[in-house]
$ cat protein.cif   # mmCIF, C-alpha atoms and all ligand atoms
data_structure
loop_
_atom_site.label_atom_id
_atom_site.label_comp_id
_atom_site.auth_asym_id
_atom_site.auth_seq_id
_atom_site.Cartn_x
_atom_site.Cartn_y
_atom_site.Cartn_z
CA SER A 1 98.14 139.60 137.17
CA ASN A 2 96.57 136.45 138.52
CA ILE A 3 94.56 138.22 141.20
CA ILE A 4 90.77 138.09 141.09
CA THR A 5 88.41 139.77 143.54
CA VAL A 6 85.57 137.62 144.82
CA ALA A 7 82.55 138.25 147.04
CA ALA A 8 80.26 136.10 149.14
CA ALA A 9 76.85 137.78 148.85
CA GLN A 10 75.03 136.46 151.89
CA LEU A 11 71.26 136.82 152.04
CA GLY A 12 69.37 137.40 155.25
CA PRO A 13 66.12 135.50 155.73
CA ILE A 14 63.48 135.23 153.00
CA GLN A 15 60.08 134.62 154.56
CA LYS A 16 57.65 132.03 153.19
CA ASP A 17 55.19 134.61 151.90
CA GLU A 18 57.81 136.85 150.25
CA GLY A 19 57.89 136.72 146.47
CA ARG A 20 60.87 136.45 144.14
CA ASP A 21 60.63 140.20 143.53
CA VAL A 22 61.74 140.83 147.14
CA ALA A 23 64.72 138.46 146.92
CA VAL A 24 65.73 139.66 143.45
CA ALA A 25 65.69 143.34 144.46
CA ARG A 26 67.91 142.56 147.45
CA MET A 27 70.25 140.53 145.25
CA VAL A 28 70.56 143.34 142.70
CA ARG A 29 71.51 145.71 145.52
CA LEU A 30 74.17 143.24 146.71
CA LEU A 31 75.56 143.02 143.17
CA GLU A 32 75.85 146.82 143.04
CA ARG A 33 77.59 146.95 146.41
CA ALA A 34 79.94 144.09 145.46
CA HIS A 35 80.82 145.88 142.21
CA GLN A 36 81.59 149.09 144.13
CA ARG A 37 84.01 147.10 146.26
CA GLY A 38 85.81 145.79 143.19
CA ALA A 39 84.36 142.28 143.10
CA GLN A 40 84.47 140.42 139.78
CA VAL A 41 82.89 137.18 141.00
CA VAL A 42 79.83 137.11 143.27
CA VAL A 43 78.48 133.98 144.98
CA PHE A 44 74.87 133.82 146.22
CA PRO A 45 73.42 131.13 148.55
CA GLU A 46 71.69 127.82 147.80
CA LEU A 47 67.98 128.26 146.88
CA ALA A 48 68.61 132.00 146.84
CA LEU A 49 65.32 133.09 145.30
CA THR A 50 62.97 131.70 147.96
CA THR A 51 62.72 130.67 151.59
CA PHE A 52 64.31 127.32 152.43
CA PHE A 53 61.09 125.53 151.43
CA PRO A 54 62.18 121.90 152.18
CA ARG A 55 61.17 122.59 155.77
CA TRP A 56 57.51 122.67 154.64
CA TYR A 57 55.71 119.36 153.97
CA HIS A 58 53.34 118.91 151.03
CA GLU A 59 51.85 115.54 150.24
CA ASP A 60 51.18 116.49 146.63
CA LEU A 61 54.42 117.38 144.83
CA ASN A 62 52.56 119.59 142.37
CA GLU A 63 51.86 121.96 145.27
CA VAL A 64 55.56 122.82 145.52
CA ASP A 65 56.00 123.75 141.85
CA HIS A 66 55.82 127.46 142.62
CA TRP A 67 59.13 127.26 144.50
CA TYR A 68 60.95 126.10 141.34
CA GLU A 69 62.31 127.85 138.22
CA SER A 70 61.41 126.24 134.90
CA GLU A 71 63.47 128.79 132.97
CA LEU A 72 66.34 131.20 133.61
CA PRO A 73 66.11 134.06 133.11
CA SER A 74 62.38 134.36 133.72
CA ALA A 75 60.37 137.56 134.06
CA ALA A 76 61.05 137.51 137.81
CA THR A 77 64.81 136.89 137.53
CA GLN A 78 65.48 139.15 134.51
CA PRO A 79 66.55 142.12 136.72
CA LEU A 80 69.34 139.94 138.11
CA PHE A 81 70.61 139.12 134.63
CA ASP A 82 70.35 142.79 133.60
CA ALA A 83 72.48 143.83 136.61
CA ILE A 84 75.04 141.09 135.89
CA LYS A 85 75.44 142.40 132.32
CA LYS A 86 75.50 146.04 133.34
CA LEU A 87 78.12 145.51 136.04
CA GLY A 88 80.17 142.90 134.12
CA LEU A 89 80.11 140.28 136.90
CA THR A 90 80.48 136.51 137.01
CA VAL A 91 77.75 135.18 139.33
CA TYR A 92 76.93 131.87 141.04
CA LEU A 93 73.20 131.44 141.67
CA GLY A 94 71.53 128.60 143.57
CA TYR A 95 67.86 127.80 142.79
CA ALA A 96 65.29 125.01 142.63
CA GLU A 97 65.18 123.68 139.05
CA LEU A 98 62.16 122.16 137.35
CA ALA A 99 63.20 120.38 134.16
CA PHE A 100 61.31 118.37 131.58
CA GLU A 101 63.99 115.86 130.80
CA ALA A 102 64.59 112.22 129.94
CA ASP A 103 65.40 109.97 132.93
CA GLU A 104 67.58 106.77 132.93
CA THR A 105 64.77 104.89 131.16
CA GLY A 106 64.58 107.48 128.39
CA ALA A 107 61.14 108.70 129.48
CA VAL A 108 60.75 112.48 129.46
CA ARG A 109 59.16 113.63 132.70
CA LYS A 110 59.05 116.44 135.21
CA ARG A 111 62.28 116.39 137.22
CA ARG A 112 63.35 118.46 140.21
CA PHE A 113 66.91 119.33 141.17
CA ASN A 114 68.66 121.53 143.72
CA THR A 115 70.78 123.44 141.20
CA SER A 116 73.37 126.16 140.80
CA VAL A 117 74.63 127.94 137.68
CA VAL A 118 77.46 130.28 136.85
CA ILE A 119 76.33 133.29 134.82
CA ALA A 120 78.99 135.08 132.74
CA PRO A 121 79.24 138.90 132.43
CA SER A 122 77.50 138.49 129.04
CA GLY A 123 74.42 137.19 130.88
CA GLU A 124 74.93 133.68 129.46
CA ILE A 125 74.84 130.62 131.70
CA ILE A 126 78.30 129.04 131.40
CA PHE A 127 77.64 125.83 133.34
CA LYS A 128 75.31 124.08 135.71
CA TYR A 129 75.64 121.86 138.79
CA ARG A 130 72.96 119.71 140.45
CA LYS A 131 73.38 118.86 144.15
CA VAL A 132 74.71 115.35 144.75
CA HIS A 133 74.70 114.90 148.55
CA MET A 134 71.04 115.34 149.47
CA PRO A 135 70.35 115.56 153.20
CA GLY A 136 67.07 114.99 154.99
CA HIS A 137 64.26 112.55 154.30
CA VAL A 138 61.45 111.68 151.85
CA GLU A 139 58.42 111.21 154.08
CA TYR A 140 56.92 113.42 156.77
CA ALA A 141 58.85 112.65 159.98
CA PRO A 142 56.56 113.12 163.01
CA ALA A 143 59.46 112.88 165.50
CA ARG A 144 61.20 115.90 164.02
CA LYS A 145 60.45 119.42 165.24
CA VAL A 146 61.22 120.74 161.77
CA GLN A 147 61.09 118.82 158.52
CA HIS A 148 64.03 118.67 156.11
CA LEU A 149 62.44 117.29 152.94
CA GLU A 150 65.22 117.75 150.39
CA LYS A 151 65.12 114.02 149.58
CA ARG A 152 61.39 114.42 148.79
CA TYR A 153 61.69 117.54 146.67
CA PHE A 154 64.93 116.90 144.73
CA GLU A 155 66.44 114.06 142.73
CA ILE A 156 70.14 113.30 143.15
CA GLY A 157 72.19 115.49 140.81
CA ASN A 158 73.24 113.81 137.58
CA LEU A 159 75.96 116.14 136.30
CA GLY A 160 78.89 115.05 138.52
CA PHE A 161 81.22 117.81 139.74
CA PRO A 162 82.13 119.79 136.61
CA VAL A 163 85.04 122.24 136.55
CA VAL A 164 85.02 124.86 133.79
CA ARG A 165 87.81 127.24 132.78
CA ALA A 166 86.34 130.68 132.17
CA PRO A 167 87.83 134.18 132.12
CA VAL A 168 87.42 136.63 135.01
CA GLY A 169 88.62 139.97 133.70
CA GLY A 170 91.60 138.80 131.64
CA THR A 171 92.38 135.85 133.93
CA PRO A 172 91.28 132.30 133.12
CA VAL A 173 89.97 130.56 136.26
CA ASN A 174 89.15 126.88 136.86
CA MET A 175 85.74 127.15 138.51
CA GLY A 176 83.74 124.46 140.27
CA MET A 177 80.48 124.37 142.19
CA MET A 178 78.89 122.52 145.06
CA LEU A 179 75.80 123.01 147.22
CA CYS A 180 75.52 123.02 151.00
CA ASN A 181 75.78 119.45 152.32
CA ASP A 182 78.31 118.62 149.56
CA ARG A 183 80.88 120.68 151.47
CA ARG A 184 80.99 118.11 154.26
CA TRP A 185 82.10 115.34 151.87
CA PRO A 186 85.80 115.16 150.93
CA GLU A 187 84.82 113.38 147.72
CA SER A 188 83.12 116.55 146.39
CA TRP A 189 86.33 118.53 146.88
CA ARG A 190 88.63 115.83 145.53
CA SER A 191 86.48 115.35 142.40
CA MET A 192 87.16 118.99 141.61
CA GLY A 193 90.74 118.98 142.93
CA LEU A 194 91.47 116.31 140.34
CA GLN A 195 90.35 118.84 137.71
CA GLN A 196 92.72 121.53 139.06
CA VAL A 197 89.93 123.63 140.44
CA GLU A 198 91.08 127.08 141.63
CA LEU A 199 87.78 128.55 142.82
CA VAL A 200 85.02 126.48 144.43
CA MET A 201 81.73 128.34 144.71
CA LEU A 202 79.14 127.04 147.13
CA GLY A 203 75.90 128.24 148.62
CA TYR A 204 74.22 126.85 151.72
CA ASN A 205 71.19 126.95 154.07
CA THR A 206 72.20 125.39 157.37
CA PRO A 207 69.92 125.42 160.41
CA SER A 208 71.54 126.59 163.66
CA LEU A 209 70.22 123.47 165.37
CA ASN A 210 70.59 119.90 164.28
CA MET A 211 66.92 119.16 163.63
CA GLU A 212 67.23 115.42 164.01
CA ASN A 213 67.19 116.13 167.74
CA LYS A 214 69.34 113.15 168.57
CA GLY A 215 71.57 115.27 170.76
CA PHE A 216 74.82 114.17 169.16
CA GLU A 217 75.89 117.49 167.74
CA ALA A 218 76.36 120.32 170.22
CA HIS A 219 74.99 123.67 169.14
CA HIS A 220 78.41 125.34 169.30
CA LEU A 221 79.87 122.82 166.84
CA ARG A 222 77.50 123.64 163.97
CA VAL A 223 79.55 126.54 162.57
CA PHE A 224 82.81 124.75 163.43
CA HIS A 225 81.83 121.73 161.31
CA SER A 226 80.95 123.96 158.37
CA GLU A 227 84.25 125.85 158.50
CA LEU A 228 86.28 122.71 159.26
CA SER A 229 84.94 121.11 156.09
CA ILE A 230 85.55 124.14 153.87
CA GLN A 231 89.02 124.88 155.24
CA ALA A 232 90.11 121.22 154.91
CA GLY A 233 88.64 120.99 151.40
CA CYS A 234 90.56 124.06 150.28
CA TYR A 235 93.86 123.01 151.83
CA GLN A 236 93.76 119.40 150.62
CA ASN A 237 92.89 120.43 147.08
CA ALA A 238 94.88 123.68 146.81
CA THR A 239 91.88 125.81 145.94
CA PHE A 240 90.09 128.98 147.00
CA ALA A 241 86.44 128.73 148.05
CA VAL A 242 83.64 131.21 148.45
CA ALA A 243 80.98 129.73 150.76
CA THR A 244 77.81 131.79 151.06
CA ALA A 245 74.96 131.34 153.52
CA LYS A 246 71.33 132.18 153.67
CA ALA A 247 71.16 133.49 157.24
CA GLY A 248 68.84 134.48 160.02
CA ASN A 249 65.31 133.69 161.07
CA GLU A 250 62.97 132.38 158.34
CA ASP A 251 59.47 132.08 159.83
CA GLY A 252 60.88 131.05 163.22
CA HIS A 253 63.64 128.82 161.85
CA GLU A 254 67.20 130.00 162.29
CA LEU A 255 69.95 129.57 159.68
CA PHE A 256 73.46 130.21 160.98
CA GLY A 257 75.10 132.43 158.36
CA HIS A 258 78.88 132.71 158.78
CA SER A 259 79.75 132.99 155.07
CA VAL A 260 83.50 132.64 154.46
CA ILE A 261 86.14 133.03 151.80
CA VAL A 262 89.01 130.54 152.28
CA ASN A 263 92.43 130.34 150.61
CA PRO A 264 94.42 127.26 149.48
CA GLN A 265 96.29 127.24 152.79
CA GLY A 266 92.96 126.67 154.51
CA GLU A 267 92.89 130.15 156.06
CA VAL A 268 89.71 132.20 156.32
CA MET A 269 90.38 135.42 154.36
CA ALA A 270 87.03 137.13 154.95
CA ARG A 271 83.76 136.42 156.69
CA THR A 272 80.34 137.95 157.23
CA THR A 273 79.49 139.00 160.74
CA THR A 274 75.73 139.59 160.53
CA TRP A 275 72.72 137.39 159.76
CA ASP A 276 71.44 139.87 157.21
CA ASP A 277 72.21 140.70 153.59
CA ALA A 278 76.00 141.13 153.77
CA LEU A 279 79.18 140.95 151.73
CA ALA A 280 82.56 139.40 152.40
CA VAL A 281 85.16 140.40 149.79
CA ALA A 282 88.70 139.12 149.19
CA ASP A 283 91.49 139.33 146.63
CA CYS A 284 92.57 135.86 145.51
CA ASP A 285 95.99 135.40 143.99
CA LEU A 286 95.57 132.25 141.91
CA GLU A 287 99.32 131.63 142.12
CA MET A 288 98.62 130.42 145.67
CA CYS A 289 96.98 127.31 144.20
CA ARG A 290 100.34 126.26 142.80
CA LEU A 291 102.11 125.76 146.11
CA GLY A 292 99.96 122.84 147.30
CA ARG A 293 99.54 121.44 143.83
CA THR A 294 103.29 121.21 143.19
CA THR A 295 104.36 120.03 146.66
CA ILE A 296 102.45 118.06 149.30
CA PHE A 297 99.31 117.63 147.16
CA ASN A 298 101.04 116.93 143.87
CA PHE A 299 98.50 114.26 142.94
CA ALA A 300 100.54 112.78 140.08
CA LEU A 301 103.48 112.14 142.42
CA HIS A 302 101.86 111.20 145.70
CA ARG A 303 98.26 109.93 145.29
CA ARG A 304 97.93 106.17 145.93
CA THR A 305 94.83 105.14 144.01
CA GLU A 306 95.65 101.44 144.43
CA ALA A 307 94.75 101.85 148.11
CA TYR A 308 91.49 103.78 147.58
CA GLY A 309 89.25 101.09 146.00
CA ARG A 310 86.67 101.16 148.80
CA ILE A 311 85.89 104.81 148.21
CA THR A 312 83.81 104.09 145.13
CA GLU A 313 82.51 100.64 146.09
CA GLN A 314 78.79 100.42 146.98
N1 LIG B 401 70.79 122.59 152.70
C1 LIG B 401 71.56 121.65 153.27
O1 LIG B 401 72.12 120.79 152.61
N2 LIG B 401 71.63 121.67 154.63
C2 LIG B 401 72.30 120.66 155.38
C3 LIG B 401 71.60 120.51 156.68
C4 LIG B 401 71.84 119.19 157.23
S1 LIG B 401 70.67 118.75 158.44
C5 LIG B 401 69.54 117.78 157.53
C6 LIG B 401 73.78 120.92 155.63
O2 LIG B 401 74.57 119.98 155.49
O3 LIG B 401 74.17 122.02 156.01
#
$ encode --input "protein.cif" --output "structure tokens" --more "lines below"
Ligand code: CDT
Amino acid sequence: SNIITVAAAQLGPIQKDEGRDVAVARMVRLLERAHQRGAQVVVFPELALTTFFPRWYHEDLNEVDHWYESELPSAATQPLFDAIKKLGLTVYLGYAELAFEADETGAVRKRRFNTSVVIAPSGEIIFKYRKVHMPGHVEYAPARKVQHLEKRYFEIGNLGFPVVRAPVGGTPVNMGMMLCNDRRWPESWRSMGLQQVELVMLGYNTPSLNMENKGFEAHHLRVFHSELSIQAGCYQNATFAVATAKAGNEDGHELFGHSVIVNPQGEVMARTTTWDDALAVADCDLEMCRLGRTTIFNFALHRRTEAYGRITEQ
């Protein structure tokens, strides 16, 4: 059959002074519970191993190193990999990546990315994504009540939007990844739609309040805008998506949760209803991706690239 069972493994808050051991133990428990419910694919949030640290300002970048992973698995994350192998799961994990890597000039230096990987049931990392649409700001912003320093702490992702075909049980699945703010950009979805993506996995940390405090986004629209983006992305690209939040109150700062699983018709199939560690599980019949792809969103027949030039102009 072409049915795969997927789970959004939402994490409740991780406080600033909690170590990776706390997060990893909670994640292992979620993997066990997801497995009991028949899940084959499990999606964790963005920056799942720590608090959402871009809210904390540090002048010296070296002071933030402890929030990053320089290797996976590490001693701290090994229990996660052991559980993945034991339970035979395919897992999306978001984390802060510290890499020693050549930049555009060829110079090898310390580089920081907001990254996600897919880990196969063998425990191997199948592919990696680095966040492209980076929200927030570089410098300390005195006017803001809460900082959002992603632009300070992460470079723009340099891996594009890869889609990889990998087996889930006996079923090959075209898998793609994005991270948080990427979900609001139709270009992220279309880049993967053009690669026949069937399952988009995405983790997020979204504050309940718009912290720019400009008053243009009403509180009650925050969740609506998240779901609007995910549902439209799925419908317009004939794909399933598992969108998983970090939720709840991290040191006084609220993240809105509302993890969802969406089908290629744009319908929400399952959602979390708490701001704690929680699962949403759904059976996804990959045949559903065919309907859109062969009719209204048959790209080969109906896309009009000659009219889209502006989209990639600077
Ligand atoms: N983590 C992340 O990308 N969060 C953003 C918050 C935007 S407000 C600076 C989001 O788009 O949900």
$ residues_near_point --input "protein.cif" --point "(71.2, 116.2, 149.2)" --cutoff "12 Å" --atoms "all atoms listed in the file" --output "JSON, numbers by chain"
{"A": [46, 54, 113, 114, 115, 130, 131, 132, 133, 134, 135, 136, 137, 138, 148, 149, 150, 151, 152, 153, 154, 155, 156, 157, 178, 179, 180, 181, 182, 183, 184, 185, 204, 205]}
$ residues_around --input "protein.cif" --residues "range 85-98 of chain A" --least-positions-apart "2" --cutoff "9 Å" --atoms "all atoms listed in the file" --output "PyMOL selection string"
chain A and resi 31-32+35+39-50+65+67-71+80-83+100+110-123+130+154+168-169+177+179+201-204
$ write_last_selection --input "protein.cif" --atoms "C-alpha atoms" --output "short mmCIF file (atom, residue, chain, number, x, y, z; two decimals), in the frame of the given file"
data_model
loop_
_atom_site.label_atom_id
_atom_site.label_comp_id
_atom_site.auth_asym_id
_atom_site.auth_seq_id
_atom_site.Cartn_x
_atom_site.Cartn_y
_atom_site.Cartn_z
CA LEU A 31 75.56 143.02 143.17
CA GLU A 32 75.85 146.82 143.04
CA HIS A 35 80.82 145.88 142.21
CA ALA A 39 84.36 142.28 143.10
CA GLN A 40 84.47 140.42 139.78
CA VAL A 41 82.89 137.18 141.00
CA VAL A 42 79.83 137.11 143.27
CA VAL A 43 78.48 133.98 144.98
CA PHE A 44 74.87 133.82 146.22
CA PRO A 45 73.42 131.13 148.55
CA GLU A 46 71.69 127.82 147.80
CA LEU A 47 67.98 128.26 146.88
CA ALA A 48 68.61 132.00 146.84
CA LEU A 49 65.32 133.09 145.30
CA THR A 50 62.97 131.70 147.96
CA ASP A 65 56.00 123.75 141.85
CA TRP A 67 59.13 127.26 144.50
CA TYR A 68 60.95 126.10 141.34
CA GLU A 69 62.31 127.85 138.22
CA SER A 70 61.41 126.24 134.90
CA GLU A 71 63.47 128.79 132.97
CA LEU A 80 69.34 139.94 138.11
CA PHE A 81 70.61 139.12 134.63
CA ASP A 82 70.35 142.79 133.60
CA ALA A 83 72.48 143.83 136.61
CA PHE A 100 61.31 118.37 131.58
CA LYS A 110 59.05 116.44 135.21
CA ARG A 111 62.28 116.39 137.22
CA ARG A 112 63.35 118.46 140.21
CA PHE A 113 66.91 119.33 141.17
CA ASN A 114 68.66 121.53 143.72
CA THR A 115 70.78 123.44 141.20
CA SER A 116 73.37 126.16 140.80
CA VAL A 117 74.63 127.94 137.68
CA VAL A 118 77.46 130.28 136.85
CA ILE A 119 76.33 133.29 134.82
CA ALA A 120 78.99 135.08 132.74
CA PRO A 121 79.24 138.90 132.43
CA SER A 122 77.50 138.49 129.04
CA GLY A 123 74.42 137.19 130.88
CA ARG A 130 72.96 119.71 140.45
CA PHE A 154 64.93 116.90 144.73
CA VAL A 168 87.42 136.63 135.01
CA GLY A 169 88.62 139.97 133.70
CA MET A 177 80.48 124.37 142.19
CA LEU A 179 75.80 123.01 147.22
CA MET A 201 81.73 128.34 144.71
CA LEU A 202 79.14 127.04 147.13
CA GLY A 203 75.90 128.24 148.62
CA TYR A 204 74.22 126.85 151.72
#
$ axis_aligned_box --input "protein.cif" --around "ligand LIG 401 (chain B)" --padding-each-side "6 Å" --output "lines of an AutoDock Vina configuration file"
center_x = 72.1
center_y = 120.2
center_z = 155.5
size_x = 17.0
size_y = 16.8
size_z = 17.8
$ closest_residue --input "protein.cif" --among "A:Met175, A:Val197, A:Val223, A:Ala99" --to "ligand LIG 401 (chain B)" --atoms "all atoms listed in the file"
A:Val223
$ closest_residue --input "protein.cif" --among "A:Trp189, A:Phe127, A:Tyr140, A:Trp56" --to "Arg165 in chain A" --atoms "all atoms listed in the file"
A:Phe127
$ residues_near_point --input "protein.cif" --point "(86.3, 131.1, 147.4)" --cutoff "9 Å" --atoms "only C-alpha atoms" --output "ChimeraX atom specification"
/A:6-8,43,198-202,234,239-243,260-263,282,284
$ closest_residue --input "protein.cif" --among "A:Gly170, A:Pro207, A:Pro142, A:Gly12" --to "Gly248 in chain A" --atoms "all atoms listed in the file"
A:Gly12
$ closest_residue --input "protein.cif" --among "A:Met269, A:Ala102, A:Ala25, A:Leu194" --to "Asp285 in chain A" --atoms "only C-alpha atoms"
A:Met269
$ atom_distance --input "protein.cif" --atom1 "CA of Ala76 in chain A" --atom2 "CA of Val24 in chain A"
7.6 Å
$ closest_residue --input "protein.cif" --among "A:Thr206, A:Thr305, A:Asn174, A:Thr105" --to "His258 in chain A" --atoms "only C-alpha atoms"
A:Thr206
$ closest_residue --input "protein.cif" --among "A:Ile4, A:Met27, A:Ala245, A:Ala34" --to "ligand LIG 401 (chain B)" --atoms "only C-alpha atoms and all ligand atoms"
A:Ala245
$ atom_distance --input "protein.cif" --atom1 "CA of Glu250 in chain A" --atom2 "CA of Asn62 in chain A"
23.0 Å
$ atom_distance --input "protein.cif" --atom1 "CA of His253 in chain A" --atom2 "CA of Phe53 in chain A"
11.2 Å
$ decode --input "protein.cif" --residues "range 177-259 of chain A" --atoms "C-alpha atoms" --output "mmCIF file, in the first residue's frame"
data_model
loop_
_atom_site.group_PDB
_atom_site.id
_atom_site.type_symbol
_atom_site.label_atom_id
_atom_site.label_comp_id
_atom_site.auth_asym_id
_atom_site.auth_seq_id
_atom_site.Cartn_x
_atom_site.Cartn_y
_atom_site.Cartn_z
ATOM 1 C CA MET A 177 12.299 19.898 4.692
ATOM 2 C CA MET A 178 11.841 23.479 5.738
ATOM 3 C CA LEU A 179 12.173 25.413 8.996
ATOM 4 C CA CYS A 180 9.692 27.760 10.635
ATOM 5 C CA ASN A 181 9.624 31.084 8.765
ATOM 6 C CA ASP A 182 10.165 29.219 5.454
ATOM 7 C CA ARG A 183 6.558 28.016 5.680
ATOM 8 C CA ARG A 184 5.263 31.534 5.084
ATOM 9 C CA TRP A 185 7.025 31.772 1.701
ATOM 10 C CA PRO A 186 5.339 30.145 -1.313
ATOM 11 C CA GLU A 187 8.755 29.840 -2.958
ATOM 12 C CA SER A 188 9.872 27.274 -0.344
ATOM 13 C CA TRP A 189 6.881 25.074 -1.148
ATOM 14 C CA ARG A 190 7.118 25.507 -4.909
ATOM 15 C CA SER A 191 10.856 24.688 -4.919
ATOM 16 C CA MET A 192 9.923 21.323 -3.448
ATOM 17 C CA GLY A 193 6.672 20.956 -5.409
ATOM 18 C CA LEU A 194 8.793 21.121 -8.551
ATOM 19 C CA GLN A 195 10.648 18.060 -7.227
ATOM 20 C CA GLN A 196 7.385 16.128 -6.683
ATOM 21 C CA VAL A 197 7.613 16.321 -2.934
ATOM 22 C CA GLU A 198 5.039 14.134 -1.153
ATOM 23 C CA LEU A 199 5.918 14.835 2.483
ATOM 24 C CA VAL A 200 7.167 18.213 3.716
ATOM 25 C CA MET A 201 8.563 18.084 7.245
ATOM 26 C CA LEU A 202 8.912 21.324 9.150
ATOM 27 C CA GLY A 203 9.627 22.389 12.687
ATOM 28 C CA TYR A 204 8.925 25.807 14.169
ATOM 29 C CA ASN A 205 9.205 28.118 17.211
ATOM 30 C CA THR A 206 6.679 30.906 16.821
ATOM 31 C CA PRO A 207 6.001 33.448 19.567
ATOM 32 C CA SER A 208 2.326 34.007 20.409
ATOM 33 C CA LEU A 209 2.869 37.744 20.051
ATOM 34 C CA ASN A 210 4.430 39.591 17.174
ATOM 35 C CA MET A 211 7.480 40.930 19.003
ATOM 36 C CA GLU A 212 8.089 43.803 16.627
ATOM 37 C CA ASN A 213 5.286 45.521 18.516
ATOM 38 C CA LYS A 214 4.155 47.504 15.517
ATOM 39 C CA GLY A 215 0.561 46.537 16.120
ATOM 40 C CA PHE A 216 -0.098 45.330 12.599
ATOM 41 C CA GLU A 217 -0.753 41.698 13.364
ATOM 42 C CA ALA A 218 -3.615 40.964 15.735
ATOM 43 C CA HIS A 219 -2.929 38.307 18.330
ATOM 44 C CA HIS A 220 -5.742 36.065 17.062
ATOM 45 C CA LEU A 221 -4.233 35.972 13.567
ATOM 46 C CA ARG A 222 -0.907 34.418 14.605
ATOM 47 C CA VAL A 223 -2.087 30.795 14.444
ATOM 48 C CA PHE A 224 -4.291 31.568 11.431
ATOM 49 C CA HIS A 225 -1.292 32.824 9.431
ATOM 50 C CA SER A 226 0.706 29.717 10.296
ATOM 51 C CA GLU A 227 -2.064 27.340 9.232
ATOM 52 C CA LEU A 228 -3.020 29.437 6.191
ATOM 53 C CA SER A 229 0.554 29.147 4.917
ATOM 54 C CA ILE A 230 0.846 25.406 5.518
ATOM 55 C CA GLN A 231 -2.584 24.553 4.102
ATOM 56 C CA ALA A 232 -2.000 26.680 0.979
ATOM 57 C CA GLY A 233 1.486 25.229 0.504
ATOM 58 C CA CYS A 234 0.156 21.689 0.646
ATOM 59 C CA TYR A 235 -2.788 22.311 -1.680
ATOM 60 C CA GLN A 236 -0.824 24.265 -4.296
ATOM 61 C CA ASN A 237 1.939 21.670 -4.417
ATOM 62 C CA ALA A 238 -0.099 18.491 -3.888
ATOM 63 C CA THR A 239 1.846 17.379 -0.835
ATOM 64 C CA PHE A 240 1.343 16.271 2.756
ATOM 65 C CA ALA A 241 3.044 18.272 5.511
ATOM 66 C CA VAL A 242 3.868 17.601 9.127
ATOM 67 C CA ALA A 243 4.387 20.926 10.925
ATOM 68 C CA THR A 244 5.640 20.627 14.494
ATOM 69 C CA ALA A 245 5.880 23.351 17.119
ATOM 70 C CA LYS A 246 7.899 24.004 20.189
ATOM 71 C CA ALA A 247 5.113 25.235 22.473
ATOM 72 C CA GLY A 248 4.368 26.923 25.747
ATOM 73 C CA ASN A 249 6.147 29.276 28.089
ATOM 74 C CA GLU A 250 9.963 29.367 27.857
ATOM 75 C CA ASP A 251 11.272 31.616 30.650
ATOM 76 C CA GLY A 252 8.262 33.932 30.333
ATOM 77 C CA HIS A 253 8.083 33.855 26.538
ATOM 78 C CA GLU A 254 5.124 32.092 24.981
ATOM 79 C CA LEU A 255 5.304 29.958 21.820
ATOM 80 C CA PHE A 256 1.924 29.131 20.300
ATOM 81 C CA GLY A 257 2.073 25.406 19.538
ATOM 82 C CA HIS A 258 -0.756 24.222 17.261
ATOM 83 C CA SER A 259 1.208 21.518 15.426
#
